[in-house]
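Reviewing the structure listed below.
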Amino acid sequence: MADAKSSAWSGWRDKELAIPGAGKGVPIPLELRGGFSSSFSFHPVRSGTRGRDAGPNLGSTAGRGALRVVLPARFDSVAIRRRRGHEGAGGMHRWKIRVLAPDDVPLLSSEPYKGHGFDTVAFLDGSRRSVDLHYEFEDEHSYGDILFNPESGREPQCLVRYDVQHRGTLRLPEPGYVTFETPDRWEVRVE
C-alpha cells in the first residue's frame with residue numbers, strides 16, 4: 001500500500017480509495033489491474049457518502065491485464081470490490097490502481113490508432129474546439145459502449161451504447177478522453 005501522496009496503490013480487500021487531486025473539476029486517467037486468479041470491479045464515488053453517490057462501473061478486471069479508464073471530474077474516490085464466484089471464492093491476488101500521466105494515455109491524431117478491448121484514448125489538443133472521431137470495429141457484430149469524458153470536467157457522455165455500428169463518425173465537442181468498453185478490436189482517428 002502506498003502513502004497518501006503516492007500515485008499508485010494496491011491491496012487485497014474491498015476498499016474506498018481517495019485519489020489525490022480528484023473531484024476538483026478535471027477527470028483523472030487511471031490504470032486498473034487485478035491478479036491472475038482474482039477479479040475486481042471499480043466504481044467512482046464521492047468520499048464520505050458510503051457509496052450512495054456512486055457512478056457507473058469504471059471497469060472490471062479479469063486476469064493480469066491493465067485497463068485504462070477515466071475517473072469523472074465530480075468523483076474523488078474509487079470503490080474497489082472483489083468479485084466472488086457463487087461459492088464465495090475471490091482468488092488470491094491483489095488489485096492495483098495507478099494515476100496515469102497524460103503521456104501514458106494514447107493521443108488521438110489523424111493517424112489510425114488500433115486498440116483491443118477496454119481502453120481509453122485522449123484528444124487533448126486545446127487549440128482545436130471540436131473534431132470528428134472516426135471509429136471502426138474489426139467485427140461487424142461488435143457490441144459495447146463508447147464514452148466521452150470532457151477535459152473541462154463536464155458530465156461524461158455515452159456516444160454509442162451497446163449495439164455498436166460497425167463503423168461511424170462522431171463529433172467530439174471539446175478536448176477529452178474517449179473510452180471504448182468492448183471485447184473487440186477497434187481502430188480510431190480524428191479529423
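By convention here, the chains of the C-alpha cells are called A, B, ... in the order presented, each chain's residues are numbered starting at 1, and ligands are numbered starting at 1 in the order presented.
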
Next on the checklist: Can you pull out the residues contacting range 34-43 of chain A? Cut-off 9 Å, using only C-alpha atoms, and skip same-chain residues under 5 positions away; I want them as a count of residues only.
Outcome noted: 31

Next on the checklist: Give me, as an MDAnalysis selection string, the residues of chain A that a backbone DSSP run labels strand (DSSP E).
Outcome noted: chainID A and resid 8:11 15:18 28:33 39:45 59:60 66:71 77:83 95:99 113:116 119:123 131:137 145:150 157:160 167:172 176:181 185:190

Selection above as a file: C-alpha atoms, as a PDB file, in the first residue's frame:
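Output (part-v2.pdb):
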```
ATOM      1  CA  ALA A   8      -0.070   4.107  -7.110  1.00  0.00           C
ATOM      2  CA  TRP A   9      -1.828   1.820  -4.645  1.00  0.00           C
ATOM      3  CA  SER A  10      -2.522  -1.862  -4.172  1.00  0.00           C
ATOM      4  CA  GLY A  11      -4.436  -4.041  -1.759  1.00  0.00           C
ATOM      5  CA  LYS A  15     -11.808  -0.548  -0.156  1.00  0.00           C
ATOM      6  CA  GLU A  16     -12.822   3.010  -0.909  1.00  0.00           C
ATOM      7  CA  LEU A  17      -9.661   4.771  -2.086  1.00  0.00           C
ATOM      8  CA  ALA A  18      -9.383   8.580  -2.222  1.00  0.00           C
ATOM      9  CA  ILE A  28      -8.301  11.748 -13.824  1.00  0.00           C
ATOM     10  CA  PRO A  29      -6.976   8.919 -16.054  1.00  0.00           C
ATOM     11  CA  LEU A  30      -6.294   5.711 -14.107  1.00  0.00           C
ATOM     12  CA  GLU A  31      -4.829   2.288 -14.749  1.00  0.00           C
ATOM     13  CA  LEU A  32      -6.619  -0.618 -13.041  1.00  0.00           C
ATOM     14  CA  ARG A  33      -5.198  -4.117 -12.586  1.00  0.00           C
ATOM     15  CA  SER A  39     -11.346 -10.209 -10.405  1.00  0.00           C
ATOM     16  CA  PHE A  40     -12.289  -6.784  -9.106  1.00  0.00           C
ATOM     17  CA  SER A  41     -14.848  -4.135 -10.012  1.00  0.00           C
ATOM     18  CA  PHE A  42     -14.052  -0.430  -9.679  1.00  0.00           C
ATOM     19  CA  HIS A  43     -16.725   2.253  -9.171  1.00  0.00           C
ATOM     20  CA  PRO A  44     -16.361   6.052  -8.900  1.00  0.00           C
ATOM     21  CA  VAL A  45     -17.700   7.509  -5.623  1.00  0.00           C
ATOM     22  CA  GLY A  59     -14.289  -1.318 -15.239  1.00  0.00           C
ATOM     23  CA  SER A  60     -13.843  -4.865 -14.050  1.00  0.00           C
ATOM     24  CA  ALA A  66      -4.477  -3.462 -17.342  1.00  0.00           C
ATOM     25  CA  LEU A  67      -7.475  -1.240 -18.048  1.00  0.00           C
ATOM     26  CA  ARG A  68      -7.062   2.467 -18.817  1.00  0.00           C
ATOM     27  CA  VAL A  69     -10.135   4.311 -17.533  1.00  0.00           C
ATOM     28  CA  VAL A  70     -11.113   7.850 -16.548  1.00  0.00           C
ATOM     29  CA  LEU A  71     -12.400   8.891 -13.123  1.00  0.00           C
ATOM     30  CA  SER A  77     -12.594   8.228  -4.834  1.00  0.00           C
ATOM     31  CA  VAL A  78     -12.744   4.722  -6.263  1.00  0.00           C
ATOM     32  CA  ALA A  79     -14.618   1.875  -4.557  1.00  0.00           C
ATOM     33  CA  ILE A  80     -12.871  -1.445  -5.161  1.00  0.00           C
ATOM     34  CA  ARG A  81     -14.875  -4.656  -4.772  1.00  0.00           C
ATOM     35  CA  ARG A  82     -13.523  -8.182  -5.103  1.00  0.00           C
ATOM     36  CA  ARG A  83     -15.765 -10.210  -7.408  1.00  0.00           C
ATOM     37  CA  TRP A  95      -5.730  -5.108  -7.058  1.00  0.00           C
ATOM     38  CA  LYS A  96      -3.592  -2.202  -8.232  1.00  0.00           C
ATOM     39  CA  ILE A  97      -4.513   1.377  -9.165  1.00  0.00           C
ATOM     40  CA  ARG A  98      -2.172   3.948 -10.699  1.00  0.00           C
ATOM     41  CA  VAL A  99      -2.840   7.568 -11.692  1.00  0.00           C
ATOM     42  CA  TYR A 113      -4.787   4.076 -33.537  1.00  0.00           C
ATOM     43  CA  LYS A 114      -5.592   0.367 -33.166  1.00  0.00           C
ATOM     44  CA  GLY A 115      -6.929  -0.876 -29.871  1.00  0.00           C
ATOM     45  CA  HIS A 116      -8.377  -4.025 -28.394  1.00  0.00           C
ATOM     46  CA  ASP A 119      -9.187   1.051 -23.352  1.00  0.00           C
ATOM     47  CA  THR A 120      -9.027   4.850 -23.242  1.00  0.00           C
ATOM     48  CA  VAL A 121      -7.515   7.282 -25.750  1.00  0.00           C
ATOM     49  CA  ALA A 122      -7.258  11.081 -25.484  1.00  0.00           C
ATOM     50  CA  PHE A 123      -7.921  14.103 -27.654  1.00  0.00           C
ATOM     51  CA  VAL A 131     -13.166  17.234 -34.058  1.00  0.00           C
ATOM     52  CA  ASP A 132     -14.764  14.327 -35.888  1.00  0.00           C
ATOM     53  CA  LEU A 133     -13.927  10.956 -34.361  1.00  0.00           C
ATOM     54  CA  HIS A 134     -13.895   8.142 -36.926  1.00  0.00           C
ATOM     55  CA  TYR A 135     -14.172   4.649 -35.464  1.00  0.00           C
ATOM     56  CA  GLU A 136     -14.271   1.189 -36.964  1.00  0.00           C
ATOM     57  CA  PHE A 137     -14.656  -2.207 -35.317  1.00  0.00           C
ATOM     58  CA  ASP A 145     -20.097   1.457 -25.357  1.00  0.00           C
ATOM     59  CA  ILE A 146     -18.055   4.449 -26.448  1.00  0.00           C
ATOM     60  CA  LEU A 147     -17.845   7.041 -23.648  1.00  0.00           C
ATOM     61  CA  PHE A 148     -16.544  10.625 -23.734  1.00  0.00           C
ATOM     62  CA  ASN A 149     -15.151  12.380 -20.632  1.00  0.00           C
ATOM     63  CA  PRO A 150     -14.630  16.107 -21.396  1.00  0.00           C
ATOM     64  CA  GLN A 157     -21.441  11.331 -22.278  1.00  0.00           C
ATOM     65  CA  CYS A 158     -22.203   7.951 -23.773  1.00  0.00           C
ATOM     66  CA  LEU A 159     -21.596   8.469 -27.503  1.00  0.00           C
ATOM     67  CA  VAL A 160     -22.571   4.957 -28.603  1.00  0.00           C
ATOM     68  CA  ARG A 167     -18.085   1.988 -38.313  1.00  0.00           C
ATOM     69  CA  GLY A 168     -19.116   5.579 -37.899  1.00  0.00           C
ATOM     70  CA  THR A 169     -18.220   9.207 -37.241  1.00  0.00           C
ATOM     71  CA  LEU A 170     -18.957  11.051 -34.002  1.00  0.00           C
ATOM     72  CA  ARG A 171     -18.445  14.707 -33.097  1.00  0.00           C
ATOM     73  CA  LEU A 172     -16.255  15.401 -30.067  1.00  0.00           C
ATOM     74  CA  GLY A 176     -11.256  14.988 -23.545  1.00  0.00           C
ATOM     75  CA  TYR A 177     -10.920  11.222 -23.139  1.00  0.00           C
ATOM     76  CA  VAL A 178     -12.677   8.538 -25.200  1.00  0.00           C
ATOM     77  CA  THR A 179     -13.173   5.121 -23.605  1.00  0.00           C
ATOM     78  CA  PHE A 180     -14.067   2.003 -25.586  1.00  0.00           C
ATOM     79  CA  GLU A 181     -15.875  -0.600 -23.469  1.00  0.00           C
ATOM     80  CA  ARG A 185     -10.639  -4.950 -31.778  1.00  0.00           C
ATOM     81  CA  TRP A 186     -11.156  -1.388 -32.989  1.00  0.00           C
ATOM     82  CA  GLU A 187      -9.449   1.457 -34.812  1.00  0.00           C
ATOM     83  CA  VAL A 188      -9.944   5.195 -34.270  1.00  0.00           C
ATOM     84  CA  ARG A 189      -8.654   8.542 -35.605  1.00  0.00           C
ATOM     85  CA  VAL A 190      -9.686  12.208 -35.594  1.00  0.00           C
TER      86      VAL A 190
END
```

Checklist entry - Hey, which of A:Glu191, A:Asp103, A:Glu155, A:Asp184 ends up closest to Ser130 in chain A? Count only C-alpha atoms. => result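 Once distances to Ser130 in chain A are computed over only C-alpha atoms, the minimum belongs to A:Glu191.
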
Next on the checklist: When you count only C-alpha atoms, which of these residues is closest to Glu151 in chain A: A:Pro106, A:Ile19, A:Pro27, A:Asp53?
Outcome noted: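 Looking only at the distances to Glu151 in chain A, the closest residue turns out to be A:Pro27.
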
Checklist entry - Which one of A:Ser152, A:Thr182, A:Gln165, A:Ser142 sits closest to Gly126 in chain A if you count only C-alpha atoms? => result A:Ser152
